[in-house]
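Peer 1: What follows is a single structure, and I will ask about it in a moment.
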Amino acid sequence: MAKTIVIIGAGLAGTTAARELSERGQAVTLVDPAAGETSERPPLSKHLFDDSRYHLPFHLEASDLITFVRDKATEITLAEVADQSQQAGTVHLASGETLDFTHCILATGMEANRPEIPGYPDALPVYNLTEAEWIRKFVAESEGPLNVGVLGSGYLGMEVATSAVAAGHEATVYLRGDEPLRKQLSAHVRTALFEKHKDAGVKFVAHTSSPDDIPADTHNLFVTSVGARPALIPIDGVRPAVAWEVNEKLATSHAGVWAAGDCALITDGAFALDHPWACEPVAESHGKYLAELLSSDDGGTGEPWSDIPWHWSFQGPEKVFTAGLTSPDATDTLIRHDPSGKKFQVFHFDGSAPDAQLVGVETLNWPPLQAAARRVLAGNNIPTRAQIEDPDFDFKAHSRL
């Protein structure tokens, strides 16, 4: 039976899967209200206040094998019996139309939380191209330096604040706790960034328990960045509380349905987490993996997804990377600096014993060593804690073994 593949979501994971499948000769239908006008979301927050490295929309053109459906998918129903001779299910659209499929990829991404800031009714997140363009236009039309307020201190919030200061504006970040990046990075990395950002001129207001606490008439521009949640549609009336749980092959518990990118929560395999990976390289990797898996003739029985997950964040002049499994609360770690002491890596292990293996690496301002970390974690010669603790151990040389 010929495969009928429907992809729901035209973000990076969905468009990558569509492009890769079409290059393998497989027809796909891509469903999204903005299908054909997709953009890479993460870089939008890094350069709102200058023109360097600004990303234009990433377009995927319609072709003989790629069909865009510019509509919203509202639910999926599955056939009572799904086997090689019958359809696996049906996608229901807001227009009332339906699309039958044998294989479906959920790549719906995330939608930003949008808290109301009483003193700033026009406050908005930077989570799509329209929002980014509105801010860029506002900045371009301003007659002088802006006073920018930011609620939220994760990656996106810090990228907005630091890029504003780097471009000559003022920026104040309102923290729920007493430090930024508490949920993203280990203590050594986030402390170093905190100090660097304060030295650069970013202001911080700690323990902001409510948006009501933010003073009005202080900021010309206000940006929110208080997290996001996967955009989910129900399958046979079931909608998960957090994200679509998938196994190591990105398959959901529903026959014929896979999930990729920010809406997928991997529960099995080497890279299982209790939350979606939610980063650009993983979304792209998921799309490529599923294209290969679903275009094969082995019925989806191929190898598990095994790319090393990694993330990057440019915060003004500071560059921070993670690779593999890292944790903001990690204690089984070692730190190695470059000779100047200005660049360093934090190595995460699966235990405290000398023979504990490396599982993840954080890198601050040391891109060549970030590349080495990815090579090491993807290889078969994983170093132990004792090896990395040895001052004569050459991590970069080891990455090329």
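As shown in the structure tokens, the chain order sets the letters A, B, ...; within each chain, residues go from 1, and ligands are also counted from 1 in the order they appear.
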Just asking: which residues within region 47-278 of chain A are strand (DSSP E or B) according to DSSP, as an MDAnalysis selection string?

Peer 2: chainID A and resid 66:69 73:78 89:93 98:101 103:106 110:112 124 147:151 170:174 203:205 221:224 228:230 235 238 244:246 251 257:259 264:266

Peer 1: Just to be explicit: take each residue in the selection above, keep C-alpha atoms, and write the result as a PDB file, in the first residue's frame.

Peer 2:
```pdb
ATOM      1  CA  ILE A  66       5.114  18.853  -1.340  1.00  0.00           C
ATOM      2  CA  THR A  67       1.551  20.068  -0.883  1.00  0.00           C
ATOM      3  CA  PHE A  68       0.780  22.925   1.509  1.00  0.00           C
ATOM      4  CA  VAL A  69      -2.552  23.048   3.326  1.00  0.00           C
ATOM      5  CA  ALA A  73      -5.526  20.893  12.267  1.00  0.00           C
ATOM      6  CA  THR A  74      -8.072  20.507  15.054  1.00  0.00           C
ATOM      7  CA  GLU A  75      -7.937  16.779  15.835  1.00  0.00           C
ATOM      8  CA  ILE A  76      -6.918  13.335  14.619  1.00  0.00           C
ATOM      9  CA  THR A  77      -9.062  10.233  14.561  1.00  0.00           C
ATOM     10  CA  LEU A  78      -7.575   6.782  14.066  1.00  0.00           C
ATOM     11  CA  GLY A  89      -6.208   7.757  10.478  1.00  0.00           C
ATOM     12  CA  THR A  90      -7.693  11.100   9.517  1.00  0.00           C
ATOM     13  CA  VAL A  91      -6.640  14.683  10.208  1.00  0.00           C
ATOM     14  CA  HIS A  92      -9.597  17.017  10.742  1.00  0.00           C
ATOM     15  CA  LEU A  93      -9.133  20.666   9.734  1.00  0.00           C
ATOM     16  CA  THR A  98     -10.238  16.010   6.258  1.00  0.00           C
ATOM     17  CA  LEU A  99      -6.964  14.382   5.218  1.00  0.00           C
ATOM     18  CA  ASP A 100      -6.448  10.619   5.434  1.00  0.00           C
ATOM     19  CA  PHE A 101      -2.983   9.283   6.216  1.00  0.00           C
ATOM     20  CA  HIS A 103       1.746   8.029   8.535  1.00  0.00           C
ATOM     21  CA  CYS A 104       1.463  11.303  10.446  1.00  0.00           C
ATOM     22  CA  ILE A 105       4.199  13.470  11.971  1.00  0.00           C
ATOM     23  CA  LEU A 106       3.179  15.886  14.712  1.00  0.00           C
ATOM     24  CA  MET A 110       5.398  25.438  21.039  1.00  0.00           C
ATOM     25  CA  GLU A 111       3.293  28.460  21.769  1.00  0.00           C
ATOM     26  CA  ALA A 112       4.539  31.198  24.054  1.00  0.00           C
ATOM     27  CA  LEU A 124       4.737  40.719  23.752  1.00  0.00           C
ATOM     28  CA  ASN A 147      14.793  51.569  27.805  1.00  0.00           C
ATOM     29  CA  VAL A 148      13.856  47.895  27.398  1.00  0.00           C
ATOM     30  CA  GLY A 149      12.112  45.835  30.054  1.00  0.00           C
ATOM     31  CA  VAL A 150      12.237  42.023  29.969  1.00  0.00           C
ATOM     32  CA  LEU A 151      10.148  39.670  32.104  1.00  0.00           C
ATOM     33  CA  GLU A 170      19.249  50.086  28.364  1.00  0.00           C
ATOM     34  CA  ALA A 171      17.775  46.794  29.540  1.00  0.00           C
ATOM     35  CA  THR A 172      16.274  45.627  32.815  1.00  0.00           C
ATOM     36  CA  VAL A 173      15.487  41.961  33.440  1.00  0.00           C
ATOM     37  CA  TYR A 174      12.843  41.124  36.051  1.00  0.00           C
ATOM     38  CA  LYS A 203      20.172  45.599  35.109  1.00  0.00           C
ATOM     39  CA  PHE A 204      18.392  42.934  37.142  1.00  0.00           C
ATOM     40  CA  VAL A 205      15.471  43.180  39.553  1.00  0.00           C
ATOM     41  CA  LEU A 221       9.638  48.693  25.028  1.00  0.00           C
ATOM     42  CA  PHE A 222       8.677  45.618  27.035  1.00  0.00           C
ATOM     43  CA  VAL A 223       9.315  41.994  26.047  1.00  0.00           C
ATOM     44  CA  THR A 224       8.046  38.910  27.867  1.00  0.00           C
ATOM     45  CA  ALA A 228       6.221  28.196  26.330  1.00  0.00           C
ATOM     46  CA  ARG A 229       4.153  25.055  26.073  1.00  0.00           C
ATOM     47  CA  PRO A 230       3.826  22.508  23.278  1.00  0.00           C
ATOM     48  CA  ILE A 235      -5.931  12.180  19.011  1.00  0.00           C
ATOM     49  CA  VAL A 238      -6.844  12.439  24.044  1.00  0.00           C
ATOM     50  CA  TRP A 244       3.429  13.898  23.148  1.00  0.00           C
ATOM     51  CA  GLU A 245       5.398  11.105  24.786  1.00  0.00           C
ATOM     52  CA  VAL A 246       7.490   9.245  22.231  1.00  0.00           C
ATOM     53  CA  ALA A 251       6.767   7.100  17.836  1.00  0.00           C
ATOM     54  CA  VAL A 257       1.696   8.759  14.508  1.00  0.00           C
ATOM     55  CA  TRP A 258       5.129  10.187  15.358  1.00  0.00           C
ATOM     56  CA  ALA A 259       6.105  13.471  17.032  1.00  0.00           C
ATOM     57  CA  ALA A 264       7.888  15.604  21.555  1.00  0.00           C
ATOM     58  CA  LEU A 265       8.854  14.315  24.996  1.00  0.00           C
ATOM     59  CA  ILE A 266      11.296  11.419  24.627  1.00  0.00           C
TER      60      ILE A 266
END
```

Peer 1: When you look at region 349-359 of chain A with a cut-off of 7 Å (counting only C-alpha atoms), what residues show up, excluding the ones that are within fewer than 3 positions of it in the same chain? I need them as a list of chain:residue names.

Peer 2: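 So, after excluding close chain neighbours, the residues are A:Gly324, A:Leu325, A:Asp332, A:Thr333, A:Ile382, A:Pro383, A:Thr384, A:Arg385, A:Ala386.
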
Peer 1: Return as an MDAnalysis selection string the full set of residues in region 132-342 of chain A whose backbone-based DSSP assignment is helix (DSSP H, G or I).

Peer 2: chainID A and resid 132:141 155:166 187:200 211:213 261:263 280:295

Peer 1: When you look at region 11-27 of chain A with a cut-off of 7 Å (counting only C-alpha atoms), what residues show up, excluding the ones that are within fewer than 3 positions of it in the same chain? I need them as a PDB file with C-alpha atoms, in the first residue's frame.

Peer 2:
```
ATOM      1  CA  ILE A   7       2.944  16.503   8.588  1.00  0.00           C
ATOM      2  CA  THR A  38       7.841  29.376   7.776  1.00  0.00           C
ATOM      3  CA  SER A  39      10.712  30.888   9.694  1.00  0.00           C
ATOM      4  CA  GLU A  40      13.399  29.695  12.057  1.00  0.00           C
ATOM      5  CA  LEU A  60       9.999  25.688   1.710  1.00  0.00           C
ATOM      6  CA  LEU A  65       5.842  16.147  -3.941  1.00  0.00           C
ATOM      7  CA  ILE A  66       5.114  18.853  -1.340  1.00  0.00           C
ATOM      8  CA  ALA A 107       5.548  18.866  14.523  1.00  0.00           C
ATOM      9  CA  GLY A 109       6.103  23.220  18.052  1.00  0.00           C
ATOM     10  CA  ALA A 260       9.141  15.666  16.361  1.00  0.00           C
ATOM     11  CA  GLY A 261      10.733  18.809  17.709  1.00  0.00           C
ATOM     12  CA  ALA A 283      14.115  19.852  15.810  1.00  0.00           C
ATOM     13  CA  GLU A 284      16.122  19.671  12.594  1.00  0.00           C
ATOM     14  CA  HIS A 286      14.209  14.897  14.385  1.00  0.00           C
ATOM     15  CA  GLY A 287      12.938  15.944  10.968  1.00  0.00           C
ATOM     16  CA  LYS A 288      15.845  14.280   9.172  1.00  0.00           C
ATOM     17  CA  LEU A 290      11.861  10.649  10.652  1.00  0.00           C
ATOM     18  CA  ALA A 291      12.278  11.269   6.925  1.00  0.00           C
ATOM     19  CA  SER A 295      10.865   6.469   3.711  1.00  0.00           C
TER      20      SER A 295
END
```

Peer 1: Residues at most 9 Å from Trp310 (chain A), counting only C-alpha atoms, excluding those fewer than 3 positions away in the same chain, as an MDAnalysis selection string?

Peer 2: chainID A and resid 279:282 321:325 374

Peer 1: Could the residues in this selection be written to a file with N, CA and C atoms, as a PDB file, in the first residue's frame?

Peer 2:
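Full text of part-v4.pdb as output:
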```pdb
ATOM      1  N   CYS A 279      14.885  22.761  21.210  1.00  0.00           N
ATOM      2  CA  CYS A 279      15.988  23.548  20.662  1.00  0.00           C
ATOM      3  C   CYS A 279      16.108  23.261  19.168  1.00  0.00           C
ATOM      4  N   GLU A 280      16.648  24.235  18.467  1.00  0.00           N
ATOM      5  CA  GLU A 280      16.684  24.199  17.013  1.00  0.00           C
ATOM      6  C   GLU A 280      17.432  22.985  16.439  1.00  0.00           C
ATOM      7  N   PRO A 281      18.650  22.670  16.906  1.00  0.00           N
ATOM      8  CA  PRO A 281      19.344  21.529  16.316  1.00  0.00           C
ATOM      9  C   PRO A 281      18.599  20.210  16.481  1.00  0.00           C
ATOM     10  N   VAL A 282      17.915  20.033  17.624  1.00  0.00           N
ATOM     11  CA  VAL A 282      17.164  18.797  17.847  1.00  0.00           C
ATOM     12  C   VAL A 282      15.963  18.724  16.913  1.00  0.00           C
ATOM     13  N   PHE A 321      27.063  27.091  25.030  1.00  0.00           N
ATOM     14  CA  PHE A 321      26.614  25.892  24.329  1.00  0.00           C
ATOM     15  C   PHE A 321      26.408  24.758  25.342  1.00  0.00           C
ATOM     16  N   THR A 322      25.483  23.872  25.024  1.00  0.00           N
ATOM     17  CA  THR A 322      25.370  22.617  25.763  1.00  0.00           C
ATOM     18  C   THR A 322      25.349  21.476  24.758  1.00  0.00           C
ATOM     19  N   ALA A 323      25.836  20.323  25.179  1.00  0.00           N
ATOM     20  CA  ALA A 323      25.806  19.123  24.336  1.00  0.00           C
ATOM     21  C   ALA A 323      25.565  17.919  25.228  1.00  0.00           C
ATOM     22  N   GLY A 324      24.696  17.009  24.775  1.00  0.00           N
ATOM     23  CA  GLY A 324      24.399  15.823  25.549  1.00  0.00           C
ATOM     24  C   GLY A 324      23.491  16.115  26.725  1.00  0.00           C
ATOM     25  N   LEU A 325      23.618  15.328  27.779  1.00  0.00           N
ATOM     26  CA  LEU A 325      22.748  15.433  28.949  1.00  0.00           C
ATOM     27  C   LEU A 325      23.415  16.302  30.010  1.00  0.00           C
ATOM     28  N   ARG A 374      30.892  17.720  21.055  1.00  0.00           N
ATOM     29  CA  ARG A 374      29.912  16.998  20.235  1.00  0.00           C
ATOM     30  C   ARG A 374      30.543  15.773  19.585  1.00  0.00           C
TER      31      ARG A 374
END
```

Peer 1: Compile the contact shell of Lys46 (chain A) as a ChimeraX atom specification: residues with an atom at most 12 Å away, counting only C-alpha atoms, same-chain residues fewer than 4 positions apart removed.

Peer 2: /A:41-42,50-55,126-127,132,136,155-167,312-319

Peer 1: Between A:Arg70, A:His169, A:Lys3, A:Arg176, which one has atoms that come closest to Pro33 (chain A), using only C-alpha atoms?

Peer 2: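 The closest residue to Pro33 (chain A) is A:Arg70.
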
Peer 1: Mind pulling up the distance from CA of Cys263 (chain A) to CA of Gly9 (chain A)?

Peer 2: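 Those two atoms sit 10.2 Å apart.
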
Peer 1: May I have the residues within 6 Å of region 208-217 of chain A as a PyMOL selection string, using only C-alpha atoms and disregarding those fewer than 6 positions away in the same chain?

Peer 2: chain A and resi 117+119+175-176

Peer 1: For the residues in that selection, give me N, CA and C atoms as an mmCIF file, in the first residue's frame.

Peer 2:
```cif
data_model
loop_
_atom_site.group_PDB
_atom_site.id
_atom_site.type_symbol
_atom_site.label_atom_id
_atom_site.label_comp_id
_atom_site.auth_asym_id
_atom_site.auth_seq_id
_atom_site.Cartn_x
_atom_site.Cartn_y
_atom_site.Cartn_z
ATOM 1 N N ILE A 117 1.030 42.365 31.419
ATOM 2 C CA ILE A 117 1.822 43.275 32.239
ATOM 3 C C ILE A 117 1.002 44.547 32.386
ATOM 4 N N GLY A 119 1.314 47.500 33.476
ATOM 5 C CA GLY A 119 1.893 48.775 33.062
ATOM 6 C C GLY A 119 2.290 48.844 31.615
ATOM 7 N N LEU A 175 13.489 39.241 37.440
ATOM 8 C CA LEU A 175 13.702 37.849 37.796
ATOM 9 C C LEU A 175 12.668 37.370 38.799
ATOM 10 N N ARG A 176 12.207 36.141 38.624
ATOM 11 C CA ARG A 176 11.339 35.557 39.652
ATOM 12 C C ARG A 176 12.155 35.202 40.888
#
```

Peer 1: Have a look at CA of Glu303 (chain A) and CA of Asn247 (chain A) and let me know their distance in Å, one decimal.

Peer 2: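 About the pair CA of Glu303 (chain A) and CA of Asn247 (chain A): they are 11.8 Å apart.
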
Peer 1: Report, in Å to a single decimal, how far apart CA of Arg336 (chain A) and CA of Pro391 (chain A) are.

Peer 2: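 Rounded to one decimal, the two atoms are 8.8 Å apart.
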
Peer 1: Which residue gives the smallest distance to Gln370 (chain A) among A:Glu37, A:Ala192, A:Glu389, A:Phe395, with only C-alpha atoms counted?

Peer 2: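 Checking each of A:Glu37, A:Ala192, A:Glu389, A:Phe395 against Gln370 (chain A), counting only C-alpha atoms, the winner is A:Phe395.
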
Peer 1: Nearest to Ala79 (chain A) among A:Thr102, A:Ser285, A:Ser95, A:Gln345, with distances taken over only C-alpha atoms: which residue is it?

Peer 2: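 Among the listed residues, the smallest separation from Ala79 (chain A) belongs to A:Thr102.
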